[in-house]
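**Q** coords32.csv is the file, holding CSV, C-alpha atoms:
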```csv
chain,number,residue,atom,x,y,z
E,1248,MET,CA,1.1,-6.6,-23.0
E,1249,THR,CA,4.2,-4.9,-21.6
E,1250,LYS,CA,4.7,-5.7,-17.9
E,1251,VAL,CA,4.6,-3.0,-15.3
E,1252,ARG,CA,8.1,-2.5,-14.0
E,1253,MET,CA,8.6,-2.7,-10.2
E,1254,GLY,CA,11.5,-1.8,-7.9
E,1255,MET,CA,11.7,-3.0,-4.3
E,1256,VAL,CA,13.1,-1.5,-1.1
E,1257,GLY,CA,13.8,-4.1,1.6
E,1258,GLY,CA,13.0,-7.8,1.4
E,1259,GLY,CA,16.5,-9.2,1.1
E,1260,GLU,CA,17.7,-12.6,2.0
E,1261,GLY,CA,16.2,-13.9,5.3
E,1262,ALA,CA,13.2,-11.5,5.0
E,1263,PHE,CA,9.8,-13.1,5.2
E,1264,ILE,CA,7.5,-10.5,3.7
E,1265,GLY,CA,9.7,-9.5,0.8
E,1266,GLU,CA,9.4,-12.9,-0.8
E,1267,ILE,CA,5.6,-12.9,-0.3
E,1268,HIS,CA,5.4,-9.6,-2.1
E,1269,ARG,CA,7.5,-10.8,-5.0
E,1270,MET,CA,5.4,-14.0,-5.4
E,1271,ALA,CA,2.2,-11.9,-5.3
E,1272,ALA,CA,3.5,-9.5,-7.9
E,1273,ALA,CA,4.4,-12.3,-10.2
E,1274,ILE,CA,1.2,-14.4,-10.1
E,1275,ASP,CA,-0.7,-12.7,-12.8
E,1276,GLY,CA,2.2,-12.1,-15.1
E,1277,GLN,CA,1.6,-8.3,-15.3
E,1278,ILE,CA,4.5,-7.1,-13.1
E,1279,GLU,CA,8.2,-7.5,-13.5
E,1280,LEU,CA,10.8,-6.9,-10.8
E,1281,VAL,CA,13.6,-4.9,-12.5
E,1282,CYS,CA,15.6,-3.5,-9.7
E,1283,GLY,CA,15.9,-3.2,-5.9
E,1284,ALA,CA,17.7,-1.9,-2.8
E,1285,PHE,CA,17.1,-5.1,-0.8
E,1286,SER,CA,19.2,-4.4,2.4
E,1287,SER,CA,21.0,-1.6,4.3
E,1288,GLU,CA,24.0,-3.9,4.0
E,1289,PRO,CA,25.4,-3.4,0.5
E,1290,ALA,CA,26.9,-6.9,0.2
E,1291,LYS,CA,23.7,-8.5,1.4
E,1292,ALA,CA,21.7,-6.3,-1.0
E,1293,LEU,CA,23.9,-7.4,-3.9
E,1294,ARG,CA,23.6,-11.1,-3.0
E,1295,SER,CA,19.8,-10.8,-2.8
E,1296,GLY,CA,19.5,-9.1,-6.1
E,1297,LEU,CA,21.8,-11.5,-7.9
E,1298,ALA,CA,19.9,-14.5,-6.4
E,1299,LEU,CA,16.7,-13.0,-7.9
E,1300,GLY,CA,18.3,-12.9,-11.4
E,1301,LEU,CA,18.7,-9.1,-11.6
E,1302,ASP,CA,21.4,-7.3,-13.5
E,1303,GLU,CA,24.0,-6.3,-10.9
E,1304,HIS,CA,23.9,-2.7,-12.2
E,1305,ARG,CA,20.3,-2.5,-11.1
E,1306,VAL,CA,20.9,-3.9,-7.6
E,1307,TYR,CA,21.5,-0.8,-5.5
E,1308,PRO,CA,23.2,-0.3,-2.1
E,1309,ASP,CA,20.5,2.0,-0.8
E,1310,TYR,CA,17.1,3.4,-1.9
E,1311,SER,CA,18.4,7.0,-2.6
E,1312,THR,CA,20.9,5.6,-5.1
E,1313,MET,CA,18.2,3.4,-6.7
E,1314,LEU,CA,15.8,6.4,-7.1
E,1315,ALA,CA,18.4,8.6,-8.7
E,1316,SER,CA,19.8,5.9,-11.0
E,1317,GLU,CA,16.3,4.7,-12.1
E,1318,ALA,CA,15.1,8.2,-12.8
E,1319,ALA,CA,18.2,8.7,-15.1
E,1320,LEU,CA,17.2,5.7,-17.3
E,1321,PRO,CA,15.0,6.0,-20.4
E,1322,GLU,CA,11.3,6.2,-19.5
E,1323,ASN,CA,10.6,2.8,-21.1
E,1324,GLU,CA,13.3,1.1,-19.1
E,1325,ARG,CA,13.1,2.6,-15.6
E,1326,MET,CA,10.9,1.1,-12.8
E,1327,GLN,CA,7.3,2.5,-12.7
E,1328,PHE,CA,6.6,1.9,-9.0
E,1329,VAL,CA,8.4,1.0,-5.8
E,1330,ALA,CA,7.3,-1.7,-3.4
E,1331,ILE,CA,8.2,-0.9,0.2
E,1332,VAL,CA,8.7,-4.0,2.4
E,1333,THR,CA,10.9,-2.6,5.2
E,1334,PRO,CA,10.2,-2.3,8.9
E,1335,ASN,CA,7.7,0.5,9.7
E,1336,HIS,CA,10.2,3.3,10.5
E,1337,LEU,CA,11.4,3.4,6.9
E,1338,HIS,CA,8.1,3.4,5.2
E,1339,PHE,CA,7.6,7.2,5.1
E,1340,PRO,CA,11.1,8.3,4.1
E,1341,VAL,CA,11.2,5.8,1.3
E,1342,ALA,CA,7.7,6.6,0.1
E,1343,GLU,CA,8.2,10.3,0.2
E,1344,ALA,CA,11.5,10.1,-1.7
E,1345,ALA,CA,10.0,7.8,-4.3
E,1346,LEU,CA,6.9,10.0,-4.9
E,1347,GLN,CA,9.0,13.1,-5.1
E,1348,ALA,CA,11.3,11.3,-7.7
E,1349,GLY,CA,8.2,10.6,-9.9
E,1350,PHE,CA,7.5,7.0,-9.0
E,1351,HIS,CA,4.3,5.4,-7.8
E,1352,VAL,CA,4.4,3.6,-4.4
E,1353,LEU,CA,2.9,0.4,-3.1
E,1354,SER,CA,3.7,0.0,0.6
E,1355,ASP,CA,3.4,-2.7,3.2
E,1356,LYS,CA,1.2,-1.6,6.2
E,1357,PRO,CA,1.1,0.2,8.4
E,1358,ALA,CA,1.8,3.1,6.0
E,1359,THR,CA,4.1,5.0,8.3
E,1360,PHE,CA,5.7,5.2,11.7
E,1361,ASP,CA,3.1,7.5,13.2
E,1362,LEU,CA,0.0,9.5,12.3
E,1363,ALA,CA,1.9,12.7,11.7
E,1364,GLU,CA,3.9,11.0,9.0
E,1365,ALA,CA,0.8,9.6,7.4
E,1366,LEU,CA,-0.7,13.1,7.2
E,1367,GLU,CA,2.5,14.4,5.7
E,1368,LEU,CA,2.5,11.4,3.2
E,1369,ARG,CA,-1.0,12.3,2.1
E,1370,ALA,CA,0.1,15.8,1.4
E,1371,VAL,CA,3.0,14.5,-0.7
E,1372,VAL,CA,0.7,12.2,-2.6
E,1373,GLU,CA,-1.6,15.1,-3.4
E,1374,GLN,CA,1.3,17.4,-4.3
E,1375,THR,CA,3.0,14.9,-6.6
E,1376,GLY,CA,-0.1,13.4,-8.2
E,1377,GLN,CA,1.6,9.9,-8.0
E,1378,LEU,CA,-0.4,6.8,-7.2
E,1379,TYR,CA,-0.1,5.3,-3.7
E,1380,GLY,CA,-1.3,1.8,-2.6
E,1381,LEU,CA,-1.3,-0.1,0.6
E,1382,THR,CA,-1.2,-3.8,1.0
E,1383,HIS,CA,-4.2,-4.5,3.2
E,1384,THR,CA,-4.0,-8.0,1.9
E,1385,TYR,CA,-7.2,-9.4,3.4
E,1386,ASN,CA,-9.3,-7.1,1.2
E,1387,GLY,CA,-8.0,-9.0,-1.7
E,1388,TYR,CA,-10.0,-12.2,-1.0
E,1389,PRO,CA,-12.9,-12.7,-3.5
E,1390,LEU,CA,-15.4,-13.5,-0.8
E,1391,VAL,CA,-14.4,-10.5,1.3
E,1392,LYS,CA,-15.3,-8.4,-1.8
E,1393,GLU,CA,-18.5,-10.4,-2.1
E,1394,ALA,CA,-19.4,-9.6,1.5
E,1395,LYS,CA,-18.7,-5.9,0.9
E,1396,GLU,CA,-21.0,-5.9,-2.2
E,1397,ARG,CA,-23.9,-7.7,-0.4
E,1398,VAL,CA,-23.7,-5.3,2.5
E,1399,ALA,CA,-23.7,-2.4,0.1
E,1400,ARG,CA,-26.7,-3.7,-1.7
E,1401,GLY,CA,-28.6,-3.8,1.6
E,1402,GLU,CA,-29.1,-7.5,1.7
E,1403,LEU,CA,-28.4,-7.5,5.5
E,1404,GLY,CA,-30.5,-4.5,6.1
E,1405,THR,CA,-29.3,-1.8,8.5
E,1406,ILE,CA,-25.9,-2.9,10.0
E,1407,ARG,CA,-26.1,-3.2,13.8
E,1408,LYS,CA,-23.1,-5.2,14.9
E,1409,VAL,CA,-19.6,-5.9,13.7
E,1410,VAL,CA,-17.4,-8.5,15.5
E,1411,VAL,CA,-13.9,-8.9,14.2
E,1412,GLU,CA,-11.1,-11.0,15.8
E,1413,TYR,CA,-7.5,-11.6,14.9
E,1414,PRO,CA,-5.7,-14.0,17.3
E,1415,GLN,CA,-2.2,-15.3,16.8
E,1416,GLY,CA,0.0,-17.2,19.2
E,1417,TRP,CA,3.5,-16.7,17.8
E,1418,LEU,CA,4.6,-14.2,20.4
E,1419,ALA,CA,3.3,-16.1,23.4
E,1420,ASP,CA,6.9,-16.4,24.7
E,1421,ARG,CA,10.0,-14.2,24.2
E,1422,GLN,CA,10.7,-14.9,20.5
E,1423,GLU,CA,12.6,-11.6,20.4
E,1424,ASP,CA,15.3,-13.4,22.5
E,1425,ALA,CA,15.4,-16.3,20.1
E,1426,ASP,CA,17.1,-14.6,17.2
E,1427,ASN,CA,13.7,-14.1,15.6
E,1428,LYS,CA,14.2,-11.0,13.4
E,1429,GLN,CA,10.4,-10.6,12.8
E,1430,ALA,CA,9.8,-10.5,16.6
E,1431,GLN,CA,12.8,-8.3,17.2
E,1432,TRP,CA,11.7,-5.4,15.0
E,1433,ARG,CA,8.0,-5.7,15.6
E,1434,LEU,CA,8.5,-5.3,19.3
E,1435,ASP,CA,11.0,-2.5,19.1
E,1436,PRO,CA,9.5,0.9,19.5
E,1437,THR,CA,12.2,2.5,17.5
E,1438,ARG,CA,11.3,0.5,14.4
E,1439,ALA,CA,7.7,-0.6,14.9
E,1440,GLY,CA,6.2,2.5,16.4
E,1441,ILE,CA,4.0,2.8,19.4
E,1442,SER,CA,2.2,-0.6,19.0
E,1443,SER,CA,3.0,-4.1,18.2
E,1444,CYS,CA,-0.2,-6.0,18.2
E,1445,MET,CA,-2.5,-3.2,17.2
E,1446,GLY,CA,0.0,-1.8,14.7
E,1447,ASP,CA,0.7,-5.2,13.1
E,1448,ILE,CA,-2.6,-7.1,13.0
E,1449,GLY,CA,-5.2,-5.0,14.9
E,1450,VAL,CA,-5.1,-2.5,12.1
E,1451,HIS,CA,-5.9,-5.2,9.6
E,1452,ALA,CA,-9.0,-6.2,11.6
E,1453,ALA,CA,-10.1,-2.5,11.8
E,1454,ASN,CA,-9.6,-2.1,8.1
E,1455,LEU,CA,-11.6,-5.3,7.3
E,1456,ALA,CA,-14.5,-4.1,9.6
E,1457,GLU,CA,-14.7,-0.8,7.8
E,1458,TYR,CA,-14.2,-2.3,4.3
E,1459,ILE,CA,-17.0,-4.9,4.6
E,1460,SER,CA,-19.5,-2.9,6.6
E,1461,GLY,CA,-19.0,0.2,4.5
E,1462,LEU,CA,-19.1,2.2,7.8
E,1463,GLN,CA,-16.4,4.2,9.4
E,1464,ILE,CA,-15.4,3.9,13.1
E,1465,THR,CA,-16.5,7.0,15.0
E,1466,GLU,CA,-15.5,6.2,18.6
E,1467,MET,CA,-13.3,3.7,20.5
E,1468,CYS,CA,-12.7,2.3,24.0
E,1469,ALA,CA,-9.5,0.2,24.2
E,1470,ASP,CA,-7.6,-2.0,26.6
E,1471,LEU,CA,-4.1,-3.0,25.4
E,1472,THR,CA,-1.7,-5.2,27.3
E,1473,ALA,CA,1.9,-6.5,27.2
E,1474,PHE,CA,1.4,-9.9,28.8
E,1475,VAL,CA,5.0,-11.1,28.2
E,1476,GLU,CA,7.3,-9.6,30.8
E,1477,GLY,CA,9.8,-7.1,29.6
E,1478,ARG,CA,8.0,-5.9,26.5
E,1479,ASP,CA,7.6,-2.2,25.8
E,1480,LEU,CA,4.8,-2.7,23.3
E,1481,ASP,CA,1.4,-4.4,23.4
E,1482,ASP,CA,1.0,-8.0,22.5
E,1483,ASP,CA,-2.8,-8.2,23.1
E,1484,GLY,CA,-5.8,-5.8,22.9
E,1485,SER,CA,-9.6,-5.5,22.9
E,1486,VAL,CA,-11.4,-2.5,21.5
E,1487,LEU,CA,-15.1,-1.6,21.7
E,1488,LEU,CA,-16.2,0.3,18.5
E,1489,ARG,CA,-18.9,2.7,17.6
E,1490,PHE,CA,-19.7,3.2,13.9
E,1491,GLU,CA,-21.4,5.9,11.9
E,1492,GLY,CA,-25.1,5.1,11.7
E,1493,GLY,CA,-25.3,3.7,15.2
E,1494,ALA,CA,-23.7,0.3,14.6
E,1495,LYS,CA,-21.6,-1.2,17.5
E,1496,GLY,CA,-18.6,-3.4,17.3
E,1497,LEU,CA,-16.0,-5.4,19.1
E,1498,LEU,CA,-12.4,-5.9,17.9
E,1499,HIS,CA,-10.1,-8.5,19.6
E,1500,SER,CA,-6.5,-8.8,18.5
E,1501,SER,CA,-3.7,-10.8,20.1
E,1502,GLN,CA,-0.3,-12.3,19.4
E,1503,VAL,CA,-0.2,-14.4,22.6
E,1504,CYS,CA,-3.2,-16.7,22.1
E,1505,VAL,CA,-1.3,-20.0,22.4
E,1506,GLY,CA,-2.1,-22.4,19.6
E,1507,GLU,CA,-3.7,-19.9,17.2
E,1508,GLU,CA,-2.2,-19.5,13.8
E,1509,ASN,CA,-3.7,-16.5,11.8
E,1510,GLY,CA,-7.3,-16.5,13.0
E,1511,LEU,CA,-8.7,-13.4,11.3
E,1512,LYS,CA,-12.5,-13.7,11.4
E,1513,ILE,CA,-15.4,-11.3,10.9
E,1514,ARG,CA,-19.1,-11.4,11.6
E,1515,VAL,CA,-21.5,-8.6,10.5
E,1516,TYR,CA,-25.1,-8.5,11.6
E,1517,GLY,CA,-27.8,-6.3,10.2
E,1518,SER,CA,-31.6,-6.0,10.7
E,1519,LEU,CA,-32.3,-8.6,8.0
E,1520,GLY,CA,-29.4,-11.0,8.2
E,1521,GLY,CA,-25.8,-11.7,9.0
E,1522,LEU,CA,-22.6,-12.9,7.4
E,1523,GLU,CA,-19.4,-14.7,8.6
E,1524,TRP,CA,-16.0,-15.1,7.0
E,1525,SER,CA,-12.7,-16.6,8.3
E,1526,GLN,CA,-9.3,-16.1,6.8
E,1527,GLN,CA,-8.3,-19.7,7.5
E,1528,GLU,CA,-11.3,-20.9,5.5
E,1529,PRO,CA,-11.3,-18.1,2.9
E,1530,ASN,CA,-13.2,-19.8,0.2
E,1531,THR,CA,-16.4,-19.9,2.2
E,1532,LEU,CA,-18.7,-17.1,3.1
E,1533,TRP,CA,-21.8,-17.8,5.3
E,1534,LEU,CA,-25.0,-15.8,5.0
E,1535,LYS,CA,-27.4,-16.1,7.9
E,1536,TRP,CA,-31.1,-15.5,7.9
E,1537,PRO,CA,-33.9,-15.5,10.5
E,1538,ASP,CA,-36.4,-17.4,8.4
E,1539,ARG,CA,-34.4,-19.9,6.3
E,1540,PRO,CA,-31.3,-22.0,6.5
E,1541,ALA,CA,-27.9,-20.4,6.3
E,1542,GLU,CA,-26.4,-20.1,2.9
E,1543,MET,CA,-22.8,-21.1,2.0
E,1544,LEU,CA,-21.2,-19.2,-0.8
E,1545,ARG,CA,-18.0,-20.5,-2.4
E,1546,THR,CA,-15.2,-18.8,-4.3
E,1547,GLY,CA,-15.7,-19.1,-8.1
E,1548,GLY,CA,-19.5,-19.6,-7.8
E,1549,PRO,CA,-21.6,-18.3,-10.7
E,1550,TYR,CA,-23.8,-16.5,-8.2
E,1551,LEU,CA,-21.0,-14.1,-7.1
E,1552,GLY,CA,-21.0,-10.4,-8.0
E,1553,GLU,CA,-18.8,-8.6,-10.5
E,1554,LEU,CA,-16.1,-7.6,-8.0
E,1555,ALA,CA,-15.6,-11.0,-6.5
E,1556,SER,CA,-15.7,-12.7,-10.0
E,1557,ALA,CA,-13.1,-10.2,-11.3
E,1558,ASN,CA,-10.7,-11.2,-8.5
E,1559,THR,CA,-11.1,-15.0,-9.0
E,1560,ARG,CA,-8.8,-17.0,-11.2
E,1561,THR,CA,-10.0,-20.6,-10.9
E,1562,PRO,CA,-13.2,-22.7,-11.1
E,1563,MET,CA,-15.2,-23.6,-8.0
E,1564,GLY,CA,-13.4,-26.2,-5.9
E,1565,HIS,CA,-10.0,-24.9,-6.6
E,1566,PRO,CA,-9.0,-23.0,-3.4
E,1567,GLU,CA,-7.6,-19.5,-3.7
E,1568,GLY,CA,-5.6,-18.3,-0.7
E,1569,TYR,CA,-3.3,-15.8,0.8
E,1570,LEU,CA,-0.9,-15.4,-2.1
E,1571,GLU,CA,-3.8,-14.9,-4.6
E,1572,ALA,CA,-5.4,-12.3,-2.3
E,1573,PHE,CA,-2.1,-10.5,-2.1
E,1574,ALA,CA,-1.8,-10.8,-5.9
E,1575,ASN,CA,-5.2,-9.1,-6.3
E,1576,ILE,CA,-3.8,-6.0,-4.5
E,1577,TYR,CA,-0.7,-5.9,-6.8
E,1578,THR,CA,-2.8,-6.5,-10.0
E,1579,ALA,CA,-5.3,-3.8,-9.0
E,1580,PHE,CA,-2.4,-1.4,-8.5
E,1581,ALA,CA,-0.8,-2.3,-11.8
E,1582,GLY,CA,-4.2,-1.7,-13.4
E,1583,GLN,CA,-4.2,1.8,-12.0
E,1584,ILE,CA,-0.8,2.5,-13.4
E,1585,ARG,CA,-1.9,1.2,-16.9
E,1586,ALA,CA,-5.0,3.3,-16.8
E,1587,ARG,CA,-3.0,6.4,-15.8
E,1588,GLU,CA,-0.6,5.9,-18.7
E,1589,GLN,CA,-3.4,5.2,-21.2
E,1590,ASN,CA,-5.5,8.1,-19.9
E,1591,THR,CA,-8.5,5.8,-19.2
E,1592,ASP,CA,-10.6,5.0,-16.2
E,1593,PRO,CA,-9.4,2.0,-14.1
E,1594,ASP,CA,-11.7,-1.1,-14.4
E,1595,VAL,CA,-13.8,-2.5,-11.5
E,1596,ARG,CA,-10.9,-4.6,-10.3
E,1597,SER,CA,-8.3,-1.9,-10.3
E,1598,ARG,CA,-10.5,0.7,-8.6
E,1599,ASP,CA,-10.8,-1.5,-5.5
E,1600,CYS,CA,-7.3,-1.0,-4.1
E,1601,PRO,CA,-6.5,0.4,-0.6
E,1602,GLY,CA,-4.8,3.8,-0.9
E,1603,ILE,CA,-3.8,6.9,1.0
E,1604,ALA,CA,-7.2,7.2,2.7
E,1605,GLU,CA,-6.8,3.8,4.3
E,1606,ALA,CA,-3.2,4.6,5.1
E,1607,VAL,CA,-4.3,7.6,7.2
E,1608,ARG,CA,-7.2,5.9,8.9
E,1609,GLY,CA,-5.0,2.9,9.8
E,1610,MET,CA,-2.4,5.1,11.6
E,1611,ALA,CA,-5.2,7.1,13.3
E,1612,PHE,CA,-6.7,3.8,14.5
E,1613,ILE,CA,-3.4,2.6,15.9
E,1614,GLU,CA,-2.6,5.9,17.7
E,1615,LEU,CA,-6.2,6.2,19.1
E,1616,ALA,CA,-6.1,2.6,20.4
E,1617,VAL,CA,-2.9,3.3,22.3
E,1618,THR,CA,-4.2,6.7,23.6
E,1619,ALA,CA,-7.6,5.2,24.7
E,1620,SER,CA,-6.0,2.3,26.5
E,1621,ALA,CA,-3.8,4.7,28.5
E,1622,SER,CA,-6.7,6.9,29.5
E,1623,ASP,CA,-9.3,6.7,32.2
E,1624,THR,CA,-11.9,8.2,29.8
E,1625,LYS,CA,-14.1,5.5,28.4
E,1626,TRP,CA,-14.9,6.7,24.9
E,1627,HIS,CA,-12.6,8.5,22.5
E,1628,ARG,CA,-13.6,10.2,19.3
E,1629,PHE,CA,-12.1,8.8,16.1
E,1630,GLU,CA,-11.2,12.1,14.4
E,1631,GLN,CA,-11.6,12.6,10.7
E,1632,HIS,CA,-8.1,13.7,9.6
```
Please re-express this file's structure in structure tokens.
**A**
Amino acid sequence: MTKVRMGMVGGGEGAFIGEIHRMAAAIDGQIELVCGAFSSEPAKALRSGLALGLDEHRVYPDYSTMLASEAALPENERMQFVAIVTPNHLHFPVAEAALQAGFHVLSDKPATFDLAEALELRAVVEQTGQLYGLTHTYNGYPLVKEAKERVARGELGTIRKVVVEYPQGWLADRQEDADNKQAQWRLDPTRAGISSCMGDIGVHAANLAEYISGLQITEMCADLTAFVEGRDLDDDGSVLLRFEGGAKGLLHSSQVCVGEENGLKIRVYGSLGGLEWSQQEPNTLWLKWPDRPAEMLRTGGPYLGELASANTRTPMGHPEGYLEAFANIYTAFAGQIRAREQNTDPDVRSRDCPGIAEAVRGMAFIELAVTASASDTKWHRFEQH
């Protein structure tokens, strides 16, 4: 099997998320990194590419040069898709240029700097016909997929309540003054956009709530705060949610919960039962019933459905974690590319990959959360863009 060829924009030396993306892409042996524009500093970009073992002629000083140079290569040599791992303000221009140049795009989230860009990006995707994917990583966990399937089968009955939380503590003090590059750009409105907490992790929580419940948010009431003095963007937020079908929800997201690591957790309650999943214990899914003991499902179990099983690599008792979940997004996207080139339908694993619809809804969620928090009106309609 020939590997799918990937180029990368961003993610040079000293970058956290770029290395995560590269490891995830490599796990299943289906994707090969063949080129990159790893930094806006040409010397740094070159060092980064050479350290990754790339041919120096395919390490580019900027993404425009990369796109033009790769497009000029023979079809069986050039990259097939671009992974975008830059700060938020560059997501749209890179994605737009790559799509227009004939390359598929897999982008880190949020998809764009603002909702207007997301809507424009959707138009570009539709106009070019290229594939677009978004790394909502937590959708990649096998037991998240199992939760989605069980809700869809009606095992929990009519969904009534969705409670999702995502507390972190890493920004409880002024990390942006401590030469922490991640903190600096995520709290900078010119690079991050109009939100830090909701834009960085709250959007993951909202996506997870919709993904598992199978329901779209229809209304929101939000309260965002910048607790640490001097910050222009939120570092904490609480959002009341209303879903289609009458379900209600609560979303809590924070970067200033001292002592918390990466506490993404969701509980979904229906008329017949409930479920609970935590990102820090990702290999366990709890099902809860009114008339019998709670059930504990485990990754790799023979009782899991087709989608969860297709995204599991190891036998029961061998934990699969963040990198494997991330890899499931990459492998699904690579599967879409293979199916496109072979003129076949993507398999069950490849079909389940976040795309442009999730990109637009994510940006709409971020902007509505900020708007609702600044307003004296209680409920704000989540418009269908």
**Q** With distances taken over only C-alpha atoms, which residue among E:Thr1437, E:Gln1327, E:Thr1405, E:Gln1422 lies nearest E:Ile1584?
**A**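 Nearest candidate to E:Ile1584 out of E:Thr1437, E:Gln1327, E:Thr1405, E:Gln1422: E:Gln1327.
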**Q** May I have a table of the residues of stretch 1504-1620 of chain E lying at most 9 Å from stretch 1439-1455 of chain E, giving each one's closest pair of atoms and their distance in Å to one decimal, counting all atoms listed in the file, ordered by chain and ascending residue number, as CSV?
**A**
```
residue,atom,partner,partner_atom,distance
E:Leu1511,CA,E:Ala1452,CA,7.2
E:Lys1512,CA,E:Ala1452,CA,8.3
E:Ile1513,CA,E:Leu1455,CA,8.0
E:Glu1605,CA,E:Asn1454,CA,7.6
E:Arg1608,CA,E:Asn1454,CA,8.4
E:Gly1609,CA,E:Val1450,CA,5.9
E:Met1610,CA,E:Gly1446,CA,7.9
E:Phe1612,CA,E:Val1450,CA,6.9
E:Ile1613,CA,E:Gly1446,CA,5.7
E:Glu1614,CA,E:Ile1441,CA,7.5
E:Ala1616,CA,E:Met1445,CA,7.5
E:Val1617,CA,E:Ser1442,CA,7.2
```
**Q** Extract, using all atoms listed in the file, all DNA, RNA and protein residues at most 10 Å from E:Asp1538, discarding same-chain residues fewer than 2 positions from it, and format them as JSON, numbers by chain.
**A** {"E": [1519, 1520, 1535, 1536, 1540, 1541]}
**Q** What's around E:Leu1346 at 8 Å? Count only C-alpha atoms, leave out sequence neighbours fewer than 2 positions away in its own chain, and write the answer as a list of chain:residue names.
**A**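 Residues near the query, excluding close chain neighbours: E:Ala1342, E:Glu1343, E:Ala1344, E:Ala1348, E:Gly1349, E:Phe1350, E:His1351, E:Val1352, E:Val1371, E:Val1372, E:Thr1375, E:Gln1377.
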**Q** Between E:Leu1570, E:Ala1611, E:Leu1462, E:Ala1606, which has the minimum distance to E:Val1409 (counting all atoms listed in the file)?
**A** E:Leu1462
**Q** Excluding E:Gln1429 and any residue of its chain fewer than 5 positions from it, enumerate the residues within 10 Å of it, using only C-alpha atoms, and give them as a list in words.
**A** Ala1262, Phe1263, Ile1264, Pro1334, Gln1422, Glu1423 and Leu1434 of chain E
**Q** May I ask which of the residues E:Tyr1310, E:Phe1285, E:Phe1339, E:Trp1533 is the closest one to E:Ala1298, counting all atoms listed in the file?
**A** E:Phe1285
